[in-house]
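Peer 1: To be precise about what I am sending: the file is called run.pdb and holds PDB, C-alpha atoms.
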```
ATOM      1  CA  MET A 133     102.075 102.333  85.214
ATOM      2  CA  SER A 134      99.339 100.492  87.075
ATOM      3  CA  LYS A 135     100.132  96.869  87.928
ATOM      4  CA  LEU A 136      97.982  93.874  88.833
ATOM      5  CA  ILE A 137      99.448  92.493  92.042
ATOM      6  CA  VAL A 138      99.000  90.066  94.927
ATOM      7  CA  ARG A 139     100.175  91.295  98.325
ATOM      8  CA  GLY A 140     100.313  89.708 101.759
ATOM      9  CA  PHE A 141      98.605  86.482 100.679
ATOM     10  CA  SER A 142      99.198  84.009 103.498
ATOM     11  CA  LEU A 143      99.810  80.284 103.053
ATOM     12  CA  SER A 144     100.424  77.426 105.455
ATOM     13  CA  LEU A 145     103.618  75.370 105.342
ATOM     14  CA  ASP A 146     101.657  72.691 103.487
ATOM     15  CA  GLY A 147     100.491  75.202 100.895
ATOM     16  CA  TYR A 148      96.906  76.031 101.852
ATOM     17  CA  GLY A 149      95.577  79.556 101.370
ATOM     18  CA  ALA A 150      92.378  78.995 103.386
ATOM     19  CA  GLY A 151      90.883  76.333 105.592
ATOM     20  CA  PRO A 152      87.889  74.169 104.639
ATOM     21  CA  GLU A 153      84.213  74.799 105.414
ATOM     22  CA  GLN A 154      83.960  78.570 105.221
ATOM     23  CA  SER A 155      81.046  79.886 107.302
ATOM     24  CA  LEU A 156      79.927  82.871 109.345
ATOM     25  CA  ASP A 157      81.896  81.485 112.280
ATOM     26  CA  ASN A 158      84.933  80.677 110.116
ATOM     27  CA  PRO A 159      85.304  83.378 107.432
ATOM     28  CA  LEU A 160      88.693  81.958 106.379
ATOM     29  CA  GLY A 161      87.647  78.340 106.775
ATOM     30  CA  VAL A 162      88.370  76.109 109.755
ATOM     31  CA  ASN A 163      91.719  77.164 111.281
ATOM     32  CA  GLY A 164      92.212  79.693 108.475
ATOM     33  CA  THR A 165      92.907  82.563 110.872
ATOM     34  CA  LYS A 166      96.124  80.789 111.897
ATOM     35  CA  LEU A 167      97.586  81.778 108.531
ATOM     36  CA  HIS A 168      97.446  85.456 109.391
ATOM     37  CA  GLY A 169      99.059  85.565 112.816
ATOM     38  CA  TRP A 170     101.987  87.502 111.344
ATOM     39  CA  ALA A 171      99.608  90.253 110.173
ATOM     40  CA  PHE A 172      97.299  90.438 113.191
ATOM     41  CA  ALA A 173     100.196  91.537 115.382
ATOM     42  CA  THR A 174     101.384  94.396 113.152
ATOM     43  CA  ARG A 175     100.816  98.067 113.739
ATOM     44  CA  THR A 176      99.543  98.465 110.162
ATOM     45  CA  PHE A 177      96.853  95.776 110.498
ATOM     46  CA  ARG A 178      95.618  97.067 113.847
ATOM     47  CA  LYS A 179      95.388 100.616 112.517
ATOM     48  CA  MET A 180      93.355  99.413 109.520
ATOM     49  CA  PHE A 181      90.708  98.119 111.908
ATOM     50  CA  GLY A 182      90.695 101.108 114.240
ATOM     51  CA  GLN A 183      92.844  99.526 116.940
ATOM     52  CA  GLU A 184      95.829 100.953 118.747
ATOM     53  CA  GLY A 185      99.265  99.471 119.294
ATOM     54  CA  GLY A 186     100.811  96.670 117.295
ATOM     55  CA  GLU A 187     104.340  95.659 116.475
ATOM     56  CA  ALA A 188     106.790  97.434 114.194
ATOM     57  CA  GLY A 189     109.538  95.584 112.352
ATOM     58  CA  ILE A 190     109.837  93.545 109.171
ATOM     59  CA  ASP A 191     106.344  92.033 109.191
ATOM     60  CA  ASP A 192     104.851  95.479 109.690
ATOM     61  CA  ASP A 193     106.997  96.881 106.873
ATOM     62  CA  PHE A 194     105.593  94.246 104.504
ATOM     63  CA  ALA A 195     102.059  94.874 105.746
ATOM     64  CA  ALA A 196     102.435  98.610 105.155
ATOM     65  CA  ARG A 197     103.888  98.118 101.667
ATOM     66  CA  SER A 198     101.013  95.799 100.796
ATOM     67  CA  MET A 199      98.671  98.786 101.108
ATOM     68  CA  ASP A 200     100.820 101.286  99.188
ATOM     69  CA  ASN A 201      99.629 102.844  95.933
ATOM     70  CA  LEU A 202      96.367 100.872  95.699
ATOM     71  CA  GLY A 203      93.581 102.267  93.544
ATOM     72  CA  ALA A 204      91.255  99.239  93.418
ATOM     73  CA  TRP A 205      90.861  95.637  94.555
ATOM     74  CA  ILE A 206      89.519  92.454  92.948
ATOM     75  CA  LEU A 207      87.954  89.757  95.144
ATOM     76  CA  GLY A 208      86.447  86.380  94.473
ATOM     77  CA  ARG A 209      82.917  86.066  95.750
ATOM     78  CA  ASN A 210      83.916  83.791  98.641
ATOM     79  CA  MET A 211      86.213  86.550  99.893
ATOM     80  CA  PHE A 212      83.198  88.864 100.071
ATOM     81  CA  GLY A 213      81.013  86.486 102.058
ATOM     82  CA  PRO A 214      79.643  82.991 102.671
ATOM     83  CA  VAL A 215      76.465  83.414 100.583
ATOM     84  CA  ARG A 216      76.283  81.000  97.652
ATOM     85  CA  GLY A 217      74.046  81.052  94.576
ATOM     86  CA  PRO A 218      71.658  83.923  93.812
ATOM     87  CA  TRP A 219      71.663  86.749  96.327
ATOM     88  CA  PRO A 220      68.645  86.134  98.589
ATOM     89  CA  ASP A 221      68.425  89.839  99.464
ATOM     90  CA  ALA A 222      70.662  92.896  99.890
ATOM     91  CA  SER A 223      71.416  92.382 103.574
ATOM     92  CA  TRP A 224      74.927  90.910 103.251
ATOM     93  CA  LYS A 225      77.489  93.682 102.746
ATOM     94  CA  GLY A 226      80.745  91.885 103.543
ATOM     95  CA  TRP A 227      82.641  90.700 106.577
ATOM     96  CA  TRP A 228      83.922  94.098 107.652
ATOM     97  CA  GLY A 229      80.989  96.120 108.985
ATOM     98  CA  ASP A 230      79.983  99.570 107.779
ATOM     99  CA  SER A 231      83.554 100.777 107.120
ATOM    100  CA  PRO A 232      85.609  98.113 105.278
ATOM    101  CA  PRO A 233      89.409  98.506 105.225
ATOM    102  CA  TYR A 234      89.666  99.035 101.447
ATOM    103  CA  HIS A 235      88.715 102.731 100.981
ATOM    104  CA  VAL A 236      88.749 102.329  97.180
ATOM    105  CA  PRO A 237      86.515 100.561  94.623
ATOM    106  CA  VAL A 238      86.373  96.764  95.053
ATOM    107  CA  PHE A 239      85.306  94.497  92.178
ATOM    108  CA  VAL A 240      83.747  91.216  93.293
ATOM    109  CA  LEU A 241      83.659  88.314  90.820
ATOM    110  CA  THR A 242      80.289  86.567  90.836
ATOM    111  CA  HIS A 243      77.815  84.781  88.566
ATOM    112  CA  HIS A 244      74.881  86.664  90.055
ATOM    113  CA  ALA A 245      74.233  90.349  89.390
ATOM    114  CA  ARG A 246      73.834  92.826  92.209
ATOM    115  CA  ASP A 247      73.750  96.615  92.456
ATOM    116  CA  PRO A 248      76.883  98.360  93.759
ATOM    117  CA  ILE A 249      77.136  98.938  97.504
ATOM    118  CA  GLU A 250      78.569 102.212  98.801
ATOM    119  CA  MET A 251      80.146 101.851 102.237
ATOM    120  CA  GLU A 252      81.693 104.294 104.667
ATOM    121  CA  GLY A 253      85.276 105.392 104.112
ATOM    122  CA  GLY A 254      85.259 105.314 100.315
ATOM    123  CA  THR A 255      84.773 101.574  99.701
ATOM    124  CA  VAL A 256      82.325 100.762  96.896
ATOM    125  CA  PHE A 257      81.636  97.112  96.088
ATOM    126  CA  HIS A 258      80.937  96.432  92.397
ATOM    127  CA  PHE A 259      79.728  92.999  91.301
ATOM    128  CA  VAL A 260      81.192  91.704  88.029
ATOM    129  CA  THR A 261      79.376  88.898  86.226
ATOM    130  CA  ASP A 262      81.299  88.783  82.935
ATOM    131  CA  GLY A 263      84.648  87.374  84.009
ATOM    132  CA  ILE A 264      88.148  88.185  85.139
ATOM    133  CA  GLU A 265      89.108  90.299  82.123
ATOM    134  CA  SER A 266      86.130  92.562  82.653
ATOM    135  CA  ALA A 267      86.948  92.902  86.352
ATOM    136  CA  ARG A 268      90.539  93.776  85.484
ATOM    137  CA  ARG A 269      89.501  96.425  82.956
ATOM    138  CA  GLN A 270      87.032  98.016  85.350
ATOM    139  CA  ALA A 271      89.473  97.924  88.247
ATOM    140  CA  ARG A 272      92.289  99.465  86.212
ATOM    141  CA  ALA A 273      89.990 102.217  84.967
ATOM    142  CA  ALA A 274      88.999 102.971  88.563
ATOM    143  CA  ALA A 275      92.590 102.797  89.830
ATOM    144  CA  GLY A 276      94.088 105.174  87.275
ATOM    145  CA  ASN A 277      97.866 105.173  87.754
ATOM    146  CA  ARG A 278      97.660 103.222  90.987
ATOM    147  CA  ASP A 279      97.861  99.442  91.340
ATOM    148  CA  VAL A 280      95.079  96.867  91.442
ATOM    149  CA  ARG A 281      95.405  94.286  94.212
ATOM    150  CA  ILE A 282      93.859  90.832  93.968
ATOM    151  CA  GLY A 283      92.741  89.879  97.448
ATOM    152  CA  GLY A 284      91.966  86.232  96.693
ATOM    153  CA  GLY A 285      90.887  83.617  97.156
ATOM    154  CA  VAL A 286      93.081  80.911  95.721
ATOM    155  CA  ALA A 287      90.825  80.144  92.740
ATOM    156  CA  THR A 288      90.686  83.804  91.744
ATOM    157  CA  ILE A 289      94.464  84.200  91.899
ATOM    158  CA  HIS A 290      94.859  81.006  89.848
ATOM    159  CA  GLN A 291      92.606  82.357  87.107
ATOM    160  CA  TYR A 292      94.647  85.528  86.788
ATOM    161  CA  LEU A 293      97.963  83.651  86.954
ATOM    162  CA  LYS A 294      96.948  81.234  84.204
ATOM    163  CA  ALA A 295      95.880  84.183  82.058
ATOM    164  CA  GLY A 296      99.339  85.748  82.516
ATOM    165  CA  LEU A 297      97.875  88.907  84.010
ATOM    166  CA  ILE A 298      99.537  89.151  87.436
ATOM    167  CA  ASP A 299     102.737  91.202  87.447
ATOM    168  CA  ASP A 300     104.107  90.092  90.812
ATOM    169  CA  LEU A 301     103.147  88.419  94.074
ATOM    170  CA  HIS A 302     104.048  88.729  97.736
ATOM    171  CA  LEU A 303     103.279  85.409  99.406
ATOM    172  CA  VAL A 304     103.672  84.887 103.136
ATOM    173  CA  ILE A 305     104.409  81.394 104.457
ATOM    174  CA  SER A 306     103.146  81.042 108.021
ATOM    175  CA  PRO A 307     104.662  78.347 110.293
ATOM    176  CA  VAL A 308     101.422  76.374 110.643
ATOM    177  CA  LEU A 309      99.981  73.208 109.105
ATOM    178  CA  LEU A 310      96.332  73.079 108.026
ATOM    179  CA  GLY A 311      96.211  69.568 106.552
ATOM    180  CA  LYS A 312      93.344  70.471 104.237
ATOM    181  CA  GLY A 313      91.699  73.464 102.658
ATOM    182  CA  GLU A 314      92.345  75.438  99.457
ATOM    183  CA  SER A 315      95.717  74.373  98.057
ATOM    184  CA  PHE A 316      97.598  77.218  96.423
ATOM    185  CA  PHE A 317     100.139  75.188  94.457
ATOM    186  CA  ALA A 318      97.898  72.338  93.271
ATOM    187  CA  GLY A 319      97.228  72.698  89.552
ATOM    188  CA  ILE A 320      99.489  75.719  89.133
ATOM    189  CA  ASP A 321     102.988  75.656  87.598
ATOM    190  CA  LEU A 322     104.564  79.003  88.420
ATOM    191  CA  PRO A 323     107.885  78.418  86.568
ATOM    192  CA  ALA A 324     106.036  77.351  83.424
ATOM    193  CA  LEU A 325     103.950  80.516  83.691
ATOM    194  CA  GLY A 326     107.127  82.594  83.800
ATOM    195  CA  TYR A 327     107.342  83.376  87.509
ATOM    196  CA  ARG A 328     110.401  83.169  89.741
ATOM    197  CA  VAL A 329     111.281  83.969  93.338
ATOM    198  CA  THR A 330     113.381  87.123  93.600
ATOM    199  CA  ASP A 331     113.470  87.663  97.362
ATOM    200  CA  ARG A 332     112.989  85.708 100.592
ATOM    201  CA  VAL A 333     112.821  87.385 103.988
ATOM    202  CA  PRO A 334     112.283  85.231 107.099
ATOM    203  CA  THR A 335     110.947  86.553 110.416
ATOM    204  CA  PRO A 336     109.947  84.732 113.614
ATOM    205  CA  GLN A 337     106.315  84.855 112.445
ATOM    206  CA  ALA A 338     106.566  84.085 108.719
ATOM    207  CA  THR A 339     108.661  83.925 105.558
ATOM    208  CA  HIS A 340     107.970  86.622 102.961
ATOM    209  CA  LEU A 341     108.443  85.631  99.312
ATOM    210  CA  THR A 342     108.528  88.016  96.385
ATOM    211  CA  ILE A 343     107.648  86.361  93.059
ATOM    212  CA  VAL A 344     107.785  88.198  89.749
ATOM    213  CA  ARG A 345     106.923  87.400  86.150
ATOM    214  CA  GLU A 346     109.964  87.470  83.868
TER     215      GLU A 346
END
```
Show how you would write the structure in this file as structure tokens.
Peer 2:
Amino acid sequence: MSKLIVRGFSLSLDGYGAGPEQSLDNPLGVNGTKLHGWAFATRTFRKMFGQEGGEAGIDDDFAARSMDNLGAWILGRNMFGPVRGPWPDASWKGWWGDSPPYHVPVFVLTHHARDPIEMEGGTVFHFVTDGIESARRQARAAAGNRDVRIGGGVATIHQYLKAGLIDDLHLVISPVLLGKGESFFAGIDLPALGYRVTDRVPTPQATHLTIVRE
């Protein structure tokens, strides 16, 4: 059965899932790229972006599993781009160029309607203006028997957690401190929502946590 999941979502040691002041120069916020050092080095990540090489091992195993059996994604609007408010035009098509790494339908939560965007490699961005439940229904219909992955950001994951809709999460704690940004744990009580840690795997680059809903 299709599940709604979070995979490979990186956090700092002080609990931030992105840095502050997102912009064209800082897609993940100031210092936000430091969260993903564990992923950038893996063979799986490099292959996704058309690069050769990369490291095998535990981090790569988690990166590869994070892409298994995916039929659709859900993204918050800030994960799609830095544009705020009404879309000024149709020029912005995401951070990833003509061939994004998704290769399946992607449902972007927004308050402002926009026509779908078909990209190379099978990615189609759909813009959902009527809330997280609608995005989930559309994504699950598109995914069929495969899973739906929530790519973030923090606020989007929080909405789905508080609604009791996420089946399990793979969080990655990177050995960096951001000091400020988007706090993952502020305002969220995972035990009260029925979640518990079932696995912890440390590597030199990160600590991988598996969290499931009981």
Peer 1: Please provide as an MDAnalysis selection string all residues within 12 Å of A:Leu202, with the sequence filter that same-chain residues fewer than 5 positions apart are discarded (counting all atoms listed in the file).
Peer 2: chainID A and resid 134:139 196:197 234:238 271:272 274:283
Peer 1: Point out the residue among A:Thr242, A:Tyr148, A:Ile249, A:Asp192 with the least atom-to-atom distance to A:Leu207, counting all atoms listed in the file.
Peer 2: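 So, comparing all the options, the nearest one is A:Thr242.
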Peer 1: Expand the PyMOL selection byres ((chain A and resi 170) around 10) into the individual residues it matches in the shown file, reporting them as JSON, numbers by chain.
Peer 2: {"A": [140, 142, 166, 167, 168, 169, 171, 172, 173, 174, 177, 187, 191, 192, 195, 304, 305, 306, 307, 335, 336, 337, 338, 339]}
Peer 1: Mind pulling up the distance from atom CA of A:Phe259 to atom CA of A:Trp205?
Peer 2: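 Distance reported for this atom pair: 11.9 Å.
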Peer 1: In Å, how far is it from atom CA of A:Trp228 to atom CA of A:Gly284?
Peer 2: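 Straight-line distance from atom CA of A:Trp228 to atom CA of A:Gly284 works out to 15.7 Å.
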Peer 1: Counting all atoms listed in the file, what is within 12 Å of A:Ala245, bar same-chain residues fewer than 5 positions away, as a ChimeraX atom specification?
Peer 2: /A:209,217-222,240,258-262
Peer 1: Please report the interatomic distance between atom CA of A:Asp299 and atom CA of A:Leu322 in Å with one decimal.
Peer 2: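 Separation between atom CA of A:Asp299 and atom CA of A:Leu322: 12.4 Å.
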Peer 1: Given the file above and the PyMOL selection byres ((chain A and resi 210) around 10), which residues are selected, and can you give them as an NGL selection string?
Peer 2: :A and (154-155 or 159-160 or 207-209 or 211-216 or 226 or 240-242 or 284-285 or 287-288)
Peer 1: Between A:Gly147, A:Gly296, A:Pro152, A:Gly186, single out the one closest to A:Leu309, counting only C-alpha atoms.
Peer 2: A:Gly147
Peer 1: Using the chain letters and numbers from the file, which residues does the PyMOL selection byres ((chain A and resi 150) around 6) grab, as a CSV table (one decimal) with C-alpha atoms, keeping the file's coordinate frame?
Peer 2:
```
chain,number,residue,atom,x,y,z
A,148,TYR,CA,96.9,76.0,101.9
A,149,GLY,CA,95.6,79.6,101.4
A,151,GLY,CA,90.9,76.3,105.6
A,160,LEU,CA,88.7,82.0,106.4
A,161,GLY,CA,87.6,78.3,106.8
A,164,GLY,CA,92.2,79.7,108.5
A,313,GLY,CA,91.7,73.5,102.7
A,314,GLU,CA,92.3,75.4,99.5
```
